[in-house]
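The data block below is query-v6.cif; it holds mmCIF, C-alpha atoms.
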data_run
#
loop_
_atom_site.label_atom_id
_atom_site.label_comp_id
_atom_site.auth_asym_id
_atom_site.auth_seq_id
_atom_site.Cartn_x
_atom_site.Cartn_y
_atom_site.Cartn_z
CA GLU J 1 -12.22 -45.44 -58.01
CA PRO J 2 -8.62 -46.08 -56.91
CA GLU J 3 -8.24 -48.59 -54.11
CA VAL J 4 -5.62 -50.31 -52.00
CA THR J 5 -5.24 -53.95 -52.98
CA GLN J 6 -3.97 -56.67 -50.66
CA THR J 7 -2.94 -60.20 -51.52
CA PRO J 8 -3.59 -62.89 -50.58
CA SER J 9 -6.96 -62.47 -48.92
CA HIS J 10 -6.25 -65.43 -46.66
CA GLN J 11 -2.98 -67.14 -45.86
CA VAL J 12 -2.37 -70.15 -43.69
CA THR J 13 1.16 -70.83 -42.51
CA GLN J 14 2.94 -73.09 -40.09
CA MET J 15 4.42 -71.70 -36.92
CA GLY J 16 8.01 -70.67 -37.45
CA GLN J 17 7.62 -70.01 -41.16
CA GLU J 18 8.19 -66.67 -42.81
CA VAL J 19 5.30 -64.90 -44.50
CA ILE J 20 5.12 -61.88 -46.75
CA LEU J 21 1.90 -59.94 -46.99
CA ARG J 22 1.58 -57.82 -50.08
CA CYS J 23 -0.11 -54.52 -50.70
CA VAL J 24 -0.48 -52.32 -53.73
CA PRO J 25 -1.21 -48.78 -52.49
CA ILE J 26 -3.07 -46.19 -54.49
CA SER J 27 -0.72 -45.18 -57.27
CA ASN J 28 0.16 -41.58 -56.37
CA HIS J 29 0.23 -42.13 -52.62
CA LEU J 30 3.52 -41.81 -50.74
CA TYR J 31 2.59 -42.65 -47.16
CA PHE J 32 1.98 -46.27 -46.22
CA TYR J 33 0.77 -48.04 -43.12
CA TRP J 34 0.20 -51.51 -41.72
CA TYR J 35 -2.34 -52.35 -39.06
CA ARG J 36 -3.30 -55.56 -37.30
CA GLN J 37 -6.63 -56.77 -35.95
CA ILE J 38 -6.64 -59.88 -33.80
CA LEU J 39 -9.99 -61.64 -34.04
CA GLY J 40 -12.62 -59.86 -31.97
CA GLN J 41 -10.31 -57.01 -31.02
CA LYS J 42 -9.64 -53.51 -32.22
CA VAL J 43 -7.47 -52.45 -35.10
CA GLU J 44 -3.92 -51.64 -33.95
CA PHE J 45 -1.28 -49.53 -35.64
CA LEU J 46 1.91 -51.39 -36.56
CA VAL J 47 4.06 -49.13 -38.69
CA SER J 48 4.11 -46.13 -40.99
CA PHE J 49 6.48 -45.76 -43.93
CA TYR J 50 7.52 -42.79 -46.05
CA ASN J 51 10.40 -42.06 -48.40
CA ASN J 52 11.70 -45.62 -48.14
CA GLU J 53 12.02 -45.63 -44.40
CA ILE J 54 9.95 -46.28 -41.32
CA SER J 55 8.42 -43.11 -39.94
CA GLU J 56 6.99 -44.62 -36.81
CA LYS J 57 6.40 -48.06 -35.36
CA SER J 58 4.42 -49.37 -32.44
CA GLU J 59 5.69 -51.65 -29.69
CA ILE J 60 4.01 -54.53 -31.50
CA PHE J 61 6.36 -54.05 -34.45
CA ASP J 62 9.34 -55.91 -33.05
CA ASP J 63 12.35 -57.46 -34.76
CA GLN J 64 10.34 -60.24 -36.36
CA PHE J 65 8.53 -57.68 -38.51
CA SER J 66 9.91 -55.74 -41.44
CA VAL J 67 8.47 -53.64 -44.22
CA GLU J 68 9.73 -52.93 -47.66
CA ARG J 69 8.80 -51.14 -50.84
CA PRO J 70 10.59 -53.43 -53.26
CA ASP J 71 9.47 -51.58 -56.37
CA GLY J 72 7.35 -48.61 -57.35
CA SER J 73 4.04 -50.27 -56.71
CA ASN J 74 4.25 -52.83 -53.90
CA PHE J 75 4.50 -52.43 -50.14
CA THR J 76 5.16 -55.57 -48.14
CA LEU J 77 5.04 -56.71 -44.54
CA LYS J 78 7.30 -59.62 -43.66
CA ILE J 79 6.96 -61.68 -40.52
CA ARG J 80 10.16 -63.64 -40.11
CA SER J 81 9.21 -66.49 -37.82
CA THR J 82 5.49 -66.63 -37.29
CA LYS J 83 3.94 -67.40 -33.93
CA LEU J 84 0.43 -68.53 -33.13
CA GLU J 85 -0.34 -65.09 -31.74
CA ASP J 86 0.45 -63.50 -35.11
CA SER J 87 -2.85 -64.88 -36.37
CA ALA J 88 -4.86 -61.79 -37.25
CA MET J 89 -6.25 -59.67 -40.05
CA TYR J 90 -3.58 -57.37 -41.43
CA PHE J 91 -4.63 -54.15 -43.11
CA CYS J 92 -2.53 -52.02 -45.40
CA ALA J 93 -3.36 -48.34 -45.90
CA SER J 94 -2.00 -45.51 -47.98
CA ARG J 95 -2.31 -41.73 -47.98
CA GLY J 96 -1.59 -39.09 -50.54
CA THR J 97 0.53 -35.99 -49.96
CA GLY J 98 -1.67 -33.38 -48.31
CA GLY J 99 -4.36 -35.94 -47.66
CA THR J 100 -5.98 -36.22 -44.25
CA GLU J 101 -7.30 -39.72 -44.65
CA ALA J 102 -5.67 -43.10 -45.12
CA PHE J 103 -7.38 -45.52 -47.48
CA PHE J 104 -7.53 -49.09 -46.27
CA GLY J 105 -7.28 -52.32 -48.17
CA GLN J 106 -9.62 -55.23 -47.57
CA GLY J 107 -7.09 -57.03 -45.43
CA THR J 108 -5.20 -60.32 -45.39
CA ARG J 109 -6.33 -62.87 -42.85
CA LEU J 110 -3.25 -64.68 -41.56
CA THR J 111 -3.75 -67.97 -39.76
CA VAL J 112 -0.74 -69.52 -38.06
CA VAL J 113 -1.13 -73.21 -37.23
CA ALA D 1 -0.92 -38.99 -27.65
CA GLN D 2 -4.32 -39.60 -29.10
CA SER D 3 -6.95 -42.07 -28.00
CA VAL D 4 -10.54 -43.04 -28.62
CA THR D 5 -13.11 -44.43 -26.23
CA GLN D 6 -16.25 -46.05 -27.50
CA LEU D 7 -18.94 -46.37 -24.86
CA GLY D 8 -20.67 -49.71 -25.07
CA SER D 9 -19.11 -52.74 -26.69
CA HIS D 10 -22.58 -53.90 -27.74
CA VAL D 11 -25.65 -51.90 -28.69
CA SER D 12 -28.98 -53.45 -29.58
CA VAL D 13 -31.82 -51.57 -31.29
CA SER D 14 -35.06 -52.51 -32.95
CA GLU D 15 -35.48 -52.11 -36.67
CA GLY D 16 -36.68 -48.58 -37.35
CA ALA D 17 -35.34 -47.21 -34.07
CA LEU D 18 -32.68 -44.55 -33.63
CA VAL D 19 -29.09 -45.71 -33.70
CA LEU D 20 -26.67 -43.90 -31.38
CA LEU D 21 -23.08 -45.08 -31.06
CA ARG D 22 -20.93 -43.07 -28.70
CA CYS D 23 -17.35 -42.00 -29.23
CA ASN D 24 -15.12 -39.74 -27.18
CA TYR D 25 -11.64 -38.81 -28.22
CA SER D 26 -8.54 -37.39 -26.62
CA SER D 27 -6.15 -35.29 -28.64
CA SER D 28 -3.77 -32.48 -27.80
CA VAL D 29 -3.95 -31.18 -31.36
CA PRO D 30 -6.87 -30.64 -33.72
CA PRO D 31 -8.12 -34.11 -34.59
CA TYR D 32 -9.40 -35.74 -37.69
CA LEU D 33 -12.17 -38.17 -36.77
CA PHE D 34 -13.60 -41.14 -38.59
CA TRP D 35 -16.23 -43.82 -38.31
CA TYR D 36 -15.66 -47.16 -40.01
CA VAL D 37 -17.99 -50.13 -40.37
CA GLN D 38 -16.83 -53.72 -40.55
CA TYR D 39 -19.07 -56.59 -41.55
CA PRO D 40 -18.09 -60.11 -40.47
CA ASN D 41 -14.89 -61.34 -42.09
CA GLN D 42 -14.61 -58.21 -44.19
CA GLY D 43 -12.47 -55.13 -44.32
CA LEU D 44 -13.00 -51.60 -43.06
CA GLN D 45 -15.41 -49.34 -44.86
CA LEU D 46 -15.31 -45.61 -44.21
CA LEU D 47 -18.73 -44.29 -43.17
CA LEU D 48 -17.81 -40.67 -42.67
CA LYS D 49 -15.03 -38.34 -41.61
CA TYR D 50 -14.54 -35.01 -39.87
CA THR D 51 -11.61 -32.95 -41.12
CA SER D 52 -12.23 -29.53 -39.56
CA ALA D 53 -14.93 -28.33 -41.93
CA ALA D 54 -18.60 -28.63 -40.95
CA THR D 55 -19.14 -30.07 -37.48
CA LEU D 56 -22.14 -32.11 -38.62
CA VAL D 57 -20.90 -34.71 -41.03
CA LYS D 58 -23.11 -36.83 -43.23
CA GLY D 59 -21.92 -40.20 -44.42
CA ILE D 60 -23.07 -43.18 -46.38
CA ASN D 61 -26.09 -45.36 -45.61
CA GLY D 62 -27.90 -42.55 -43.78
CA PHE D 63 -25.36 -42.17 -40.98
CA GLU D 64 -24.18 -38.88 -39.60
CA ALA D 65 -21.98 -37.69 -36.77
CA GLU D 66 -21.48 -34.42 -34.97
CA PHE D 67 -18.12 -33.13 -33.78
CA LYS D 68 -18.45 -31.45 -30.40
CA LYS D 69 -15.16 -30.01 -29.27
CA SER D 70 -16.44 -28.96 -25.86
CA GLU D 71 -17.47 -32.53 -25.14
CA THR D 72 -14.61 -34.16 -27.10
CA SER D 73 -17.24 -36.34 -28.71
CA PHE D 74 -18.04 -37.62 -32.17
CA HIS D 75 -21.17 -39.74 -31.76
CA LEU D 76 -22.61 -41.63 -34.71
CA THR D 77 -26.35 -41.58 -35.36
CA LYS D 78 -28.88 -42.90 -37.81
CA PRO D 79 -32.59 -42.04 -37.51
CA SER D 80 -33.93 -45.45 -38.45
CA ALA D 81 -32.02 -48.73 -38.16
CA HIS D 82 -32.14 -51.37 -40.87
CA MET D 83 -31.30 -55.02 -40.44
CA SER D 84 -28.39 -54.49 -42.82
CA ASP D 85 -26.81 -52.05 -40.34
CA ALA D 86 -25.86 -54.92 -38.04
CA ALA D 87 -22.05 -54.82 -37.94
CA GLU D 88 -19.04 -53.67 -35.93
CA TYR D 89 -18.44 -49.92 -35.86
CA PHE D 90 -15.09 -48.32 -35.11
CA CYS D 91 -14.45 -44.71 -34.22
CA ALA D 92 -10.96 -43.51 -35.05
CA VAL D 93 -8.75 -40.42 -34.71
CA SER D 94 -5.67 -39.14 -36.45
CA SER D 95 -3.72 -35.89 -36.75
CA ASN D 96 -0.98 -34.36 -38.84
CA THR D 97 1.40 -34.32 -35.87
CA GLY D 98 0.88 -38.07 -35.53
CA GLY D 99 1.87 -38.68 -39.11
CA PHE D 100 -1.80 -39.35 -39.79
CA LYS D 101 -1.57 -42.79 -38.26
CA THR D 102 -5.08 -43.87 -37.35
CA ILE D 103 -5.89 -44.76 -33.76
CA PHE D 104 -8.98 -46.91 -33.42
CA GLY D 105 -11.43 -47.38 -30.63
CA ALA D 106 -12.32 -50.82 -29.36
CA GLY D 107 -15.42 -51.00 -31.50
CA THR D 108 -19.15 -51.28 -30.89
CA ARG D 109 -21.12 -54.18 -32.23
CA LEU D 110 -24.58 -53.11 -33.36
CA PHE D 111 -27.39 -55.64 -33.24
CA VAL D 112 -30.67 -54.87 -35.00
CA LYS D 113 -33.78 -56.75 -33.88
CA ALA D 114 -36.69 -57.38 -36.20
#

Mind converting the file's structure to structure tokens?
Amino acid sequence: EPEVTQTPSHQVTQMGQEVILRCVPISNHLYFYWYRQILGQKVEFLVSFYNNEISEKSEIFDDQFSVERPDGSNFTLKIRSTKLEDSAMYFCASRGTGGTEAFFGQGTRLTVV
Amino acid sequence: AQSVTQLGSHVSVSEGALVLLRCNYSSSVPPYLFWYVQYPNQGLQLLLKYTSAATLVKGINGFEAEFKKSETSFHLTKPSAHMSDAAEYFCAVSSNTGGFKTIFGAGTRLFVKA
């Protein structure tokens, strides 16, 4: 069964460093999303992406965040200068054209120290 | 705008008892509704979804949910709880006018007592 794959599963980084979280969406999907879940809290929408541009972003998705589809298979979330409060689980999701459901990856746990 | 309210951040049941997790949604357009389960330090697993077909939706692991438009509810039930059901459960909503972004509720942690 096709699935969304995220790497790494866990990343530890020092405050102020840049991190790139990687996602491989389901191969024929064209709509992509990133979500964040701070430990013990709910899952929050960050950004949606379609046709090589951001469709919508939340207020959380400020200038330190960016997304990119660098090639035909990867979808990345970059955090430019990490802060302690960026520590969270980050989920990638993808959706096919005409689909009503986004499929979620297993997440990347980011720990900023 | 869409939103989800889950009543009860913690629910405790005995093994073999009925599980009822409550979810109410707000949406100005026809919603798509989902229940996800999350085990500790793991990702989100889809339990079931409502996408405007049958109002009673059956999912995995014996769970089901009923869409009630008049009550704007989508409560999750399971007739008999197992110890393995202990986890965090999230109700979520999306719509085509929202670009199908998924809006999650705050979650309900289910405890199952032996």

- Message: Show me, as a PyMOL selection string, every residue of chain D with an atom at most 10 Å from chain J, counting all atoms listed in the file.
- Response: chain D and resi 32-34+41-46+49-51+88+90+92+94-96+98-108

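Our summary of the geometry notes that atom CA of D:Leu20 is positioned 9.5 Å from atom CA of D:Ala65.
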
Given the file shown, enumerate the residues that the PyMOL selection byres ((chain J and resi 72) around 10) captures and present them as an mmCIF file with C-alpha atoms, keeping the file's coordinate frame.
data_model
loop_
_atom_site.group_PDB
_atom_site.id
_atom_site.type_symbol
_atom_site.label_atom_id
_atom_site.label_comp_id
_atom_site.auth_asym_id
_atom_site.auth_seq_id
_atom_site.Cartn_x
_atom_site.Cartn_y
_atom_site.Cartn_z
ATOM 1 C CA VAL J 24 -0.480 -52.320 -53.730
ATOM 2 C CA PRO J 25 -1.210 -48.780 -52.490
ATOM 3 C CA SER J 27 -0.720 -45.180 -57.270
ATOM 4 C CA ARG J 69 8.800 -51.140 -50.840
ATOM 5 C CA PRO J 70 10.590 -53.430 -53.260
ATOM 6 C CA ASP J 71 9.470 -51.580 -56.370
ATOM 7 C CA SER J 73 4.040 -50.270 -56.710
ATOM 8 C CA ASN J 74 4.250 -52.830 -53.900
ATOM 9 C CA PHE J 75 4.500 -52.430 -50.140
#

- Message: Can you pull out the residues contacting D:Gly8? Cut-off 8 Å, using all atoms listed in the file, and skip same-chain residues under 3 positions away; I want them as a PyMOL selection string.
- Response: chain D and resi 11+21-22+108

- Query: So which residues get picked by the PyMOL selection byres ((chain J and resi 17) around 7) here, written as number ranges by chain?
  - Reply: J: 13-16, 18-19, 80-82

Once you have the residues from the selection above, write them out as a CSV table (one decimal), in the frame of the given file, restricted to C-alpha atoms.
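In the end it all went to selection_23.csv:
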chain,number,residue,atom,x,y,z
J,13,THR,CA,1.2,-70.8,-42.5
J,14,GLN,CA,2.9,-73.1,-40.1
J,15,MET,CA,4.4,-71.7,-36.9
J,16,GLY,CA,8.0,-70.7,-37.4
J,18,GLU,CA,8.2,-66.7,-42.8
J,19,VAL,CA,5.3,-64.9,-44.5
J,80,ARG,CA,10.2,-63.6,-40.1
J,81,SER,CA,9.2,-66.5,-37.8
J,82,THR,CA,5.5,-66.6,-37.3
